[in-house]
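Shown next: model-v3.cif, given as mmCIF, C-alpha atoms.
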data_my_file
loop_
_atom_site.label_atom_id
_atom_site.label_comp_id
_atom_site.auth_asym_id
_atom_site.auth_seq_id
_atom_site.Cartn_x
_atom_site.Cartn_y
_atom_site.Cartn_z
CA MET A 488 -6.60 107.31 16.90
CA ASN A 489 -8.23 110.74 16.66
CA ALA A 490 -8.04 113.23 13.77
CA ASN A 491 -5.31 115.31 15.41
CA SER A 492 -3.02 112.35 15.98
CA ASP A 493 -3.75 111.11 12.46
CA ALA A 494 -2.71 114.50 11.06
CA ALA A 495 0.46 114.58 13.15
CA GLN A 496 1.39 111.08 12.00
CA HIS A 497 0.81 111.96 8.36
CA LYS A 498 2.89 115.12 8.65
CA ARG A 499 5.76 113.17 10.19
CA LEU A 500 5.50 110.79 7.25
CA VAL A 501 5.81 113.70 4.80
CA GLU A 502 8.71 115.20 6.77
CA GLN A 503 10.63 111.94 6.90
CA GLY A 504 9.87 111.17 3.27
CA TYR A 505 11.19 114.46 1.93
CA ASP A 506 14.25 114.21 4.18
CA GLN A 507 15.04 110.89 2.52
CA ILE A 508 14.29 111.80 -1.11
CA ALA A 509 15.55 115.39 -1.22
CA HIS A 510 18.16 114.75 -3.91
CA ASP A 511 16.03 112.30 -5.91
CA TYR A 512 13.15 114.78 -5.94
CA ALA A 513 15.37 117.58 -7.28
CA ARG A 514 16.40 115.38 -10.19
CA LEU A 515 12.78 114.84 -11.27
CA GLU A 516 12.43 118.41 -12.49
CA THR A 517 15.97 118.47 -13.88
CA ASN A 518 15.20 115.49 -16.09
CA ASN A 519 11.77 116.72 -17.26
CA GLU A 520 10.30 120.08 -18.21
CA TRP A 521 7.73 120.90 -15.55
CA PRO A 522 5.24 123.82 -15.79
CA ARG A 523 6.54 125.44 -12.59
CA ILE A 524 8.94 128.03 -14.02
CA ARG A 525 6.56 128.98 -16.82
CA TRP A 526 3.82 129.72 -14.27
CA LEU A 527 6.29 131.47 -11.98
CA TYR A 528 7.14 133.89 -14.79
CA LYS A 529 3.42 134.75 -15.07
CA LEU A 530 3.65 135.95 -11.47
CA LEU A 531 7.08 137.59 -11.57
CA GLU A 532 6.16 139.79 -14.51
CA ARG A 533 3.48 141.37 -12.30
CA LEU A 534 5.80 142.14 -9.37
CA PRO A 535 7.95 145.27 -9.05
CA PRO A 536 11.63 144.69 -8.19
CA GLY A 537 12.28 144.12 -4.51
CA SER A 538 8.92 142.53 -3.79
CA SER A 539 8.61 140.17 -0.83
CA VAL A 540 7.64 136.60 -1.78
CA LEU A 541 6.81 133.62 0.43
CA ASP A 542 7.34 130.09 -0.91
CA LEU A 543 5.19 127.76 1.17
CA GLY A 544 6.70 124.31 0.82
CA CYS A 545 9.91 125.60 -0.73
CA GLY A 546 11.84 122.34 -0.87
CA SER A 547 15.47 122.87 -1.86
CA GLY A 548 14.75 126.30 -3.35
CA ASP A 549 15.82 125.03 -6.77
CA PRO A 550 14.65 126.21 -9.23
CA ALA A 551 11.86 128.56 -8.11
CA ASP A 552 13.49 130.42 -5.24
CA ILE A 553 16.74 130.82 -7.13
CA GLU A 554 14.74 132.59 -9.84
CA ILE A 555 12.70 134.68 -7.39
CA ALA A 556 15.78 135.79 -5.46
CA GLN A 557 17.33 137.41 -8.53
CA ASN A 558 15.07 140.44 -8.13
CA HIS A 559 13.02 139.89 -4.97
CA GLN A 560 13.18 139.04 -1.27
CA ILE A 561 12.39 135.36 -0.77
CA THR A 562 11.21 133.60 2.39
CA GLY A 563 10.76 129.85 2.27
CA VAL A 564 9.05 127.37 4.59
CA ASP A 565 9.37 123.59 4.49
CA ILE A 566 8.63 120.71 6.83
CA SER A 567 11.82 118.90 5.79
CA GLN A 568 14.99 119.99 7.59
CA THR A 569 17.08 118.43 4.81
CA GLN A 570 15.27 120.49 2.18
CA ILE A 571 15.68 123.67 4.23
CA GLU A 572 19.41 123.07 4.53
CA LEU A 573 19.64 122.63 0.75
CA ALA A 574 17.60 125.82 0.21
CA ARG A 575 19.97 127.81 2.41
CA GLN A 576 22.87 126.55 0.28
CA ASN A 577 21.10 127.16 -3.04
CA VAL A 578 19.70 130.60 -2.14
CA PRO A 579 22.13 132.11 0.38
CA HIS A 580 20.38 135.50 0.48
CA GLY A 581 16.96 134.01 1.24
CA THR A 582 15.30 133.38 4.59
CA PHE A 583 14.33 129.74 5.14
CA ILE A 584 12.25 128.40 8.02
CA HIS A 585 11.86 124.77 9.09
CA ALA A 586 8.15 124.52 9.89
CA ASP A 587 4.86 122.86 9.05
CA ALA A 588 3.23 124.83 6.23
CA GLY A 589 -0.13 124.11 7.83
CA ALA A 590 0.83 125.65 11.16
CA VAL A 591 3.30 128.45 10.37
CA ASP A 592 2.00 132.00 10.71
CA PHE A 593 3.06 135.49 9.65
CA PRO A 594 1.77 139.01 10.37
CA ALA A 595 -0.95 140.36 8.10
CA ALA A 596 0.22 141.96 4.83
CA SER A 597 3.74 140.55 5.11
CA PHE A 598 4.18 139.60 1.45
CA ASP A 599 3.53 140.94 -2.03
CA ALA A 600 3.00 137.36 -3.22
CA VAL A 601 2.78 133.81 -1.92
CA VAL A 602 3.63 130.76 -4.03
CA SER A 603 3.03 127.13 -3.13
CA PHE A 604 4.10 124.37 -5.49
CA TYR A 605 3.26 120.67 -5.02
CA THR A 606 2.76 121.16 -1.28
CA ILE A 607 -0.80 121.67 -0.06
CA GLU A 608 -1.83 118.17 -1.14
CA HIS A 609 0.55 116.84 1.53
CA LEU A 610 -1.60 118.47 4.23
CA PRO A 611 -4.88 116.95 5.41
CA ARG A 612 -7.55 118.52 3.24
CA GLU A 613 -9.50 119.51 6.36
CA GLU A 614 -6.76 122.14 6.84
CA HIS A 615 -6.88 123.55 3.30
CA ALA A 616 -9.62 126.16 3.76
CA SER A 617 -8.10 127.67 6.90
CA LEU A 618 -4.64 127.70 5.30
CA LEU A 619 -5.97 129.53 2.23
CA GLN A 620 -7.59 132.11 4.51
CA ARG A 621 -4.33 132.65 6.38
CA ILE A 622 -2.41 132.99 3.11
CA GLN A 623 -4.89 135.65 2.00
CA GLN A 624 -4.24 137.58 5.22
CA TRP A 625 -0.45 137.37 4.77
CA ILE A 626 -0.66 138.98 1.32
CA LYS A 627 -0.69 142.74 0.90
CA PRO A 628 -3.72 144.40 -0.76
CA ASN A 629 -3.91 143.48 -4.45
CA GLY A 630 -1.04 140.99 -4.00
CA PHE A 631 -0.83 137.61 -5.71
CA PHE A 632 -1.09 133.91 -4.96
CA LEU A 633 0.32 131.19 -7.23
CA LEU A 634 -0.71 127.63 -6.40
CA SER A 635 -0.23 124.17 -7.83
CA ILE A 636 -1.92 121.12 -6.30
CA GLU A 637 -2.49 117.63 -7.60
CA ALA A 638 -5.65 117.53 -9.73
CA GLY A 639 -7.33 114.63 -7.97
CA GLU A 640 -9.61 113.88 -5.07
CA TYR A 641 -8.15 111.99 -2.12
CA GLU A 642 -9.65 112.16 1.34
CA GLY A 643 -6.29 111.05 2.66
CA MET A 644 -4.13 108.21 1.46
CA VAL A 645 -0.63 106.88 1.88
CA GLY A 646 1.16 105.46 -1.15
CA GLU A 647 4.71 104.80 -2.25
CA TRP A 648 6.46 107.65 -4.06
CA LEU A 649 10.15 107.62 -4.98
CA ASN A 650 10.44 104.47 -2.84
CA VAL A 651 9.19 106.10 0.37
CA PRO A 652 5.70 106.25 1.94
CA MET A 653 3.99 109.57 1.16
CA PHE A 654 0.69 111.11 2.28
CA ILE A 655 -1.66 112.95 -0.07
CA SER A 656 -5.02 114.61 0.56
CA CYS A 657 -6.90 117.00 -1.73
CA PHE A 658 -10.26 118.06 -3.09
CA ASP A 659 -11.28 117.87 -6.72
CA PRO A 660 -10.17 120.85 -8.88
CA GLU A 661 -13.55 122.61 -9.00
CA THR A 662 -13.91 122.44 -5.23
CA MET A 663 -10.37 123.77 -4.80
CA LYS A 664 -11.07 126.70 -7.13
CA GLY A 665 -14.16 127.51 -5.10
CA MET A 666 -12.14 127.44 -1.88
CA VAL A 667 -9.57 129.86 -3.30
CA ILE A 668 -12.35 132.26 -4.30
CA ALA A 669 -14.07 131.87 -0.93
CA ALA A 670 -10.78 132.72 0.81
CA GLY A 671 -10.80 136.16 -0.81
CA PHE A 672 -9.06 135.80 -4.17
CA ASN A 673 -9.97 136.44 -7.78
CA ILE A 674 -8.58 133.74 -10.08
CA LEU A 675 -6.70 135.38 -12.96
CA GLU A 676 -5.67 132.21 -14.78
CA THR A 677 -6.11 128.50 -14.15
CA LYS A 678 -5.36 125.27 -16.00
CA ILE A 679 -4.74 121.59 -15.40
CA GLU A 680 -1.34 120.55 -16.74
CA THR A 681 0.30 117.14 -16.75
CA GLN A 682 3.95 116.67 -15.89
CA MET A 683 6.27 113.68 -15.85
CA GLU A 684 7.53 112.33 -12.54
CA ALA A 685 9.97 109.60 -13.49
CA ASP A 686 7.78 107.36 -15.69
CA ASN A 687 4.45 108.64 -14.38
CA GLU A 688 2.21 111.37 -15.80
CA VAL A 689 0.69 113.41 -12.97
CA PRO A 690 -1.96 116.13 -13.53
CA PHE A 691 -1.75 119.32 -11.46
CA LEU A 692 -4.20 122.19 -11.06
CA TRP A 693 -2.49 125.56 -11.48
CA MET A 694 -3.98 128.85 -10.31
CA LEU A 695 -2.71 132.41 -10.44
CA ALA A 696 -4.94 134.55 -8.22
CA GLN A 697 -5.06 138.09 -6.86
CA LYS A 698 -6.21 139.19 -3.42
CA ARG A 699 -9.51 141.04 -3.49
#
Write the structure described by the file as C-alpha cells, please.
Amino acid sequence: MNANSDAAQHKRLVEQGYDQIAHDYARLETNNEWPRIRWLYKLLERLPPGSSVLDLGCGSGDPADIEIAQNHQITGVDISQTQIELARQNVPHGTFIHADAGAVDFPAASFDAVVSFYTIEHLPREEHASLLQRIQQWIKPNGFFLLSIEAGEYEGMVGEWLNVPMFISCFDPETMKGMVIAAGFNILETKIETQMEADNEVPFLWMLAQKR
C-alpha cells in the first residue's frame, strides 16, 4: 500500500470515527473544563465585530463556533458529515462545509482569523507543513491563527478512542512551533496545557499566532 492510499484509509477512519462518536465527543467538554474557550477569548478580543473566521475541523460547532457567531461570520469545515449536520443545527447562521481539512481550499485573504482545535493531529503529519502554508495564505494581512494540537510525537498510529479506532499523527511541540513560524506566522503566545478526556489526561500544544 502506498502513502496516498494509506492517507486515504486513515482519513476514512477519522471520518467514520467522528460520525460514530459525535454525541459522546461533545459530552467530553461538557463534563470537563477544557482550555479551548479561554484560548478562543484571547483571539476574539483582538478581532473587530463582523470579522470572518474559519474553523478548520469544526466538529459540532459547540462551543467554539456558537461563541464566534455571536459577533462574527463563521465558516466551518469538518470531515464528518454527522458533525457538520450538528454544526448547522447548533449555529444556524454559520456556513458549514463537509470536506477534508487537509484538502479543502479557499481564495487568498478570505479570513480575518483561522482556528483549528484538536484536528491537525488527525491528518498525516506529512501534510502539516503544506496545510499551514495554505492557512497562512487564506488569512488576511496581520490576521490571526489559533491552533491546538496534541503535544506528542507520532509518525502515524491507530488506537482506540471513545471505543472507536482513531488515527493520530503529529510532530513534537518544538518542531510544530518551527513549522508555524516557517509558514509565515509570528507566535504571540504558546503553552502546553493538559485537559481531561473521560479519565485520561491529554497534553495539547496551544499557539496564538499572527500572520507576518
Quick one: which residues end up in the PyMOL selection byres ((chain A and resi 691) around 10) for this structure, as a list in words?
->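 This file gives the following for the PyMOL selection byres ((chain A and resi 691) around 10): Pro522, Phe604, Tyr605, Leu634, Ser635, Ile636, Glu637, Ala638, Gly639, Pro660, Lys678, Ile679, Glu680, Thr681, Gln682, Glu688, Val689, Pro690, Leu692, Trp693 and Met694 of chain A.
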Residues just named, written with C-alpha atoms as a PDB file, in the frame of the given file:
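Output file part.pdb is given in full below:
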ATOM      1  CA  PRO A 522       5.240 123.820 -15.790  1.00  0.00           C
ATOM      2  CA  PHE A 604       4.100 124.370  -5.490  1.00  0.00           C
ATOM      3  CA  TYR A 605       3.260 120.670  -5.020  1.00  0.00           C
ATOM      4  CA  LEU A 634      -0.710 127.630  -6.400  1.00  0.00           C
ATOM      5  CA  SER A 635      -0.230 124.170  -7.830  1.00  0.00           C
ATOM      6  CA  ILE A 636      -1.920 121.120  -6.300  1.00  0.00           C
ATOM      7  CA  GLU A 637      -2.490 117.630  -7.600  1.00  0.00           C
ATOM      8  CA  ALA A 638      -5.650 117.530  -9.730  1.00  0.00           C
ATOM      9  CA  GLY A 639      -7.330 114.630  -7.970  1.00  0.00           C
ATOM     10  CA  PRO A 660     -10.170 120.850  -8.880  1.00  0.00           C
ATOM     11  CA  LYS A 678      -5.360 125.270 -16.000  1.00  0.00           C
ATOM     12  CA  ILE A 679      -4.740 121.590 -15.400  1.00  0.00           C
ATOM     13  CA  GLU A 680      -1.340 120.550 -16.740  1.00  0.00           C
ATOM     14  CA  THR A 681       0.300 117.140 -16.750  1.00  0.00           C
ATOM     15  CA  GLN A 682       3.950 116.670 -15.890  1.00  0.00           C
ATOM     16  CA  GLU A 688       2.210 111.370 -15.800  1.00  0.00           C
ATOM     17  CA  VAL A 689       0.690 113.410 -12.970  1.00  0.00           C
ATOM     18  CA  PRO A 690      -1.960 116.130 -13.530  1.00  0.00           C
ATOM     19  CA  LEU A 692      -4.200 122.190 -11.060  1.00  0.00           C
ATOM     20  CA  TRP A 693      -2.490 125.560 -11.480  1.00  0.00           C
ATOM     21  CA  MET A 694      -3.980 128.850 -10.310  1.00  0.00           C
TER      22      MET A 694
END
Name the closest residue to Arg514 of chain A among the candidates A:Val602, A:Leu619, A:Met666, A:Met683; distances are taken between atoms, counting all atoms listed in the file.
-> A:Met683
Pick out the closest residue to Glu640 of chain A from this set: A:Val667, A:Glu608, A:Leu618, A:Leu530. Count all atoms listed in the file.
-> A:Glu608
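For the pair atom CA of Thr662 of chain A and atom CA of Ile622 of chain A, the interatomic distance is 17.7 Å.
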Once the PyMOL selection byres ((chain A and resi 555) around 12) has been applied to the shown file, what residues remain in the selection, as a ChimeraX atom specification?
-> /A:524,527-528,530-532,534-542,545,548-554,556-563,578,580-581,600-602
Between atom CA of Phe654 of chain A and atom CA of Gln624 of chain A, distance in Å (one decimal) =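 According to the coordinates, atom CA of Phe654 of chain A and atom CA of Gln624 of chain A are separated by 27.1 Å.
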Pick the closest to Ala590 of chain A from A:Ala685, A:Ala495, A:Ala574, A:Met663: which is it, counting all atoms listed in the file?
->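 Of the candidates, the smallest distance to Ala590 of chain A is held by A:Ala495.
Remark: for Arg533 of chain A, the closest of the candidate residues A:Glu684, A:Glu647, A:Glu661, A:Asp599 is A:Asp599 (distances computed over all atoms listed in the file).
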Using all atoms of segment 682-696 of chain A listed in the file and a margin of 6 Å per side, can you give the axis-aligned box centre and edge lengths in Å to one decimal, as lines of an AutoDock Vina configuration file?
center_x = 2.5
center_y = 121.0
center_z = -12.1
size_x = 26.9
size_y = 39.2
size_z = 19.7
Pick from A:Glu572, A:Asp686, A:Glu520, A:Glu613, whichever lies nearest to Asp493 of chain A using all atoms listed in the file |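 Closest to Asp493 of chain A of all the choices is A:Glu613.
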Picked residues, the PyMOL selection byres ((chain A and resi 620) around 12), as a PDB file with C-alpha atoms, in the coordinates of the input:
ATOM      1  CA  GLY A 589      -0.130 124.110   7.830  1.00  0.00           C
ATOM      2  CA  ASP A 592       2.000 132.000  10.710  1.00  0.00           C
ATOM      3  CA  ALA A 595      -0.950 140.360   8.100  1.00  0.00           C
ATOM      4  CA  GLU A 614      -6.760 122.140   6.840  1.00  0.00           C
ATOM      5  CA  HIS A 615      -6.880 123.550   3.300  1.00  0.00           C
ATOM      6  CA  ALA A 616      -9.620 126.160   3.760  1.00  0.00           C
ATOM      7  CA  SER A 617      -8.100 127.670   6.900  1.00  0.00           C
ATOM      8  CA  LEU A 618      -4.640 127.700   5.300  1.00  0.00           C
ATOM      9  CA  LEU A 619      -5.970 129.530   2.230  1.00  0.00           C
ATOM     10  CA  ARG A 621      -4.330 132.650   6.380  1.00  0.00           C
ATOM     11  CA  ILE A 622      -2.410 132.990   3.110  1.00  0.00           C
ATOM     12  CA  GLN A 623      -4.890 135.650   2.000  1.00  0.00           C
ATOM     13  CA  GLN A 624      -4.240 137.580   5.220  1.00  0.00           C
ATOM     14  CA  TRP A 625      -0.450 137.370   4.770  1.00  0.00           C
ATOM     15  CA  ILE A 626      -0.660 138.980   1.320  1.00  0.00           C
ATOM     16  CA  PHE A 632      -1.090 133.910  -4.960  1.00  0.00           C
ATOM     17  CA  MET A 666     -12.140 127.440  -1.880  1.00  0.00           C
ATOM     18  CA  VAL A 667      -9.570 129.860  -3.300  1.00  0.00           C
ATOM     19  CA  ILE A 668     -12.350 132.260  -4.300  1.00  0.00           C
ATOM     20  CA  ALA A 669     -14.070 131.870  -0.930  1.00  0.00           C
ATOM     21  CA  ALA A 670     -10.780 132.720   0.810  1.00  0.00           C
ATOM     22  CA  GLY A 671     -10.800 136.160  -0.810  1.00  0.00           C
ATOM     23  CA  PHE A 672      -9.060 135.800  -4.170  1.00  0.00           C
ATOM     24  CA  LYS A 698      -6.210 139.190  -3.420  1.00  0.00           C
TER      25      LYS A 698
END
Using only C-alpha atoms, which of the listed residues (A:Leu633, A:Asp587, A:His609, A:Ser567) sits closest to Gly646 of chain A?
->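 Going through A:Leu633, A:Asp587, A:His609, A:Ser567 one by one, the smallest distance to Gly646 of chain A is for A:His609.
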Reconstruct N, CA and C atoms of segment 619-638 of chain A from the incomplete input and present them as a compact mmCIF listing (two decimals), keeping the file's coordinate frame.
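New file rebuild-v5.txt:
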# COMPACT_ATOMS: atom_id res chain seq x y z
N LEU A 619 -5.74 128.55 3.29
CA LEU A 619 -5.97 129.53 2.23
C LEU A 619 -6.38 130.88 2.82
N GLN A 620 -7.18 130.86 3.86
CA GLN A 620 -7.59 132.11 4.51
C GLN A 620 -6.40 132.81 5.16
N ARG A 621 -5.50 132.05 5.77
CA ARG A 621 -4.33 132.65 6.38
C ARG A 621 -3.40 133.22 5.31
N ILE A 622 -3.23 132.49 4.22
CA ILE A 622 -2.41 132.99 3.11
C ILE A 622 -2.96 134.32 2.63
N GLN A 623 -4.28 134.40 2.48
CA GLN A 623 -4.89 135.65 2.00
C GLN A 623 -4.57 136.80 2.95
N GLN A 624 -4.54 136.53 4.24
CA GLN A 624 -4.24 137.58 5.22
C GLN A 624 -2.76 137.99 5.15
N TRP A 625 -1.88 137.05 4.83
CA TRP A 625 -0.45 137.37 4.77
C TRP A 625 -0.10 138.25 3.58
N ILE A 626 -0.95 138.25 2.56
CA ILE A 626 -0.66 138.98 1.32
C ILE A 626 -1.14 140.42 1.42
N LYS A 627 -0.34 141.32 0.91
CA LYS A 627 -0.69 142.74 0.90
C LYS A 627 -1.88 142.98 -0.03
N PRO A 628 -2.59 144.10 0.13
CA PRO A 628 -3.72 144.40 -0.76
C PRO A 628 -3.31 144.33 -2.23
N ASN A 629 -4.12 143.66 -3.01
CA ASN A 629 -3.91 143.48 -4.45
C ASN A 629 -2.70 142.59 -4.77
N GLY A 630 -2.15 141.90 -3.76
CA GLY A 630 -1.04 140.99 -4.00
C GLY A 630 -1.51 139.70 -4.65
N PHE A 631 -0.57 138.78 -4.86
CA PHE A 631 -0.83 137.61 -5.71
C PHE A 631 -0.56 136.30 -4.98
N PHE A 632 -1.23 135.27 -5.47
CA PHE A 632 -1.09 133.91 -4.96
C PHE A 632 -0.97 132.96 -6.14
N LEU A 633 0.10 132.18 -6.17
CA LEU A 633 0.32 131.19 -7.23
C LEU A 633 0.35 129.82 -6.59
N LEU A 634 -0.52 128.93 -7.03
CA LEU A 634 -0.71 127.63 -6.40
C LEU A 634 -0.68 126.52 -7.44
N SER A 635 -0.01 125.42 -7.10
CA SER A 635 -0.23 124.17 -7.83
C SER A 635 -0.56 123.10 -6.81
N ILE A 636 -1.50 122.22 -7.17
CA ILE A 636 -1.92 121.12 -6.30
C ILE A 636 -2.36 119.98 -7.20
N GLU A 637 -2.12 118.77 -6.76
CA GLU A 637 -2.49 117.63 -7.60
C GLU A 637 -3.97 117.68 -7.95
N ALA A 638 -4.27 117.43 -9.22
CA ALA A 638 -5.65 117.53 -9.73
C ALA A 638 -6.36 116.19 -9.54
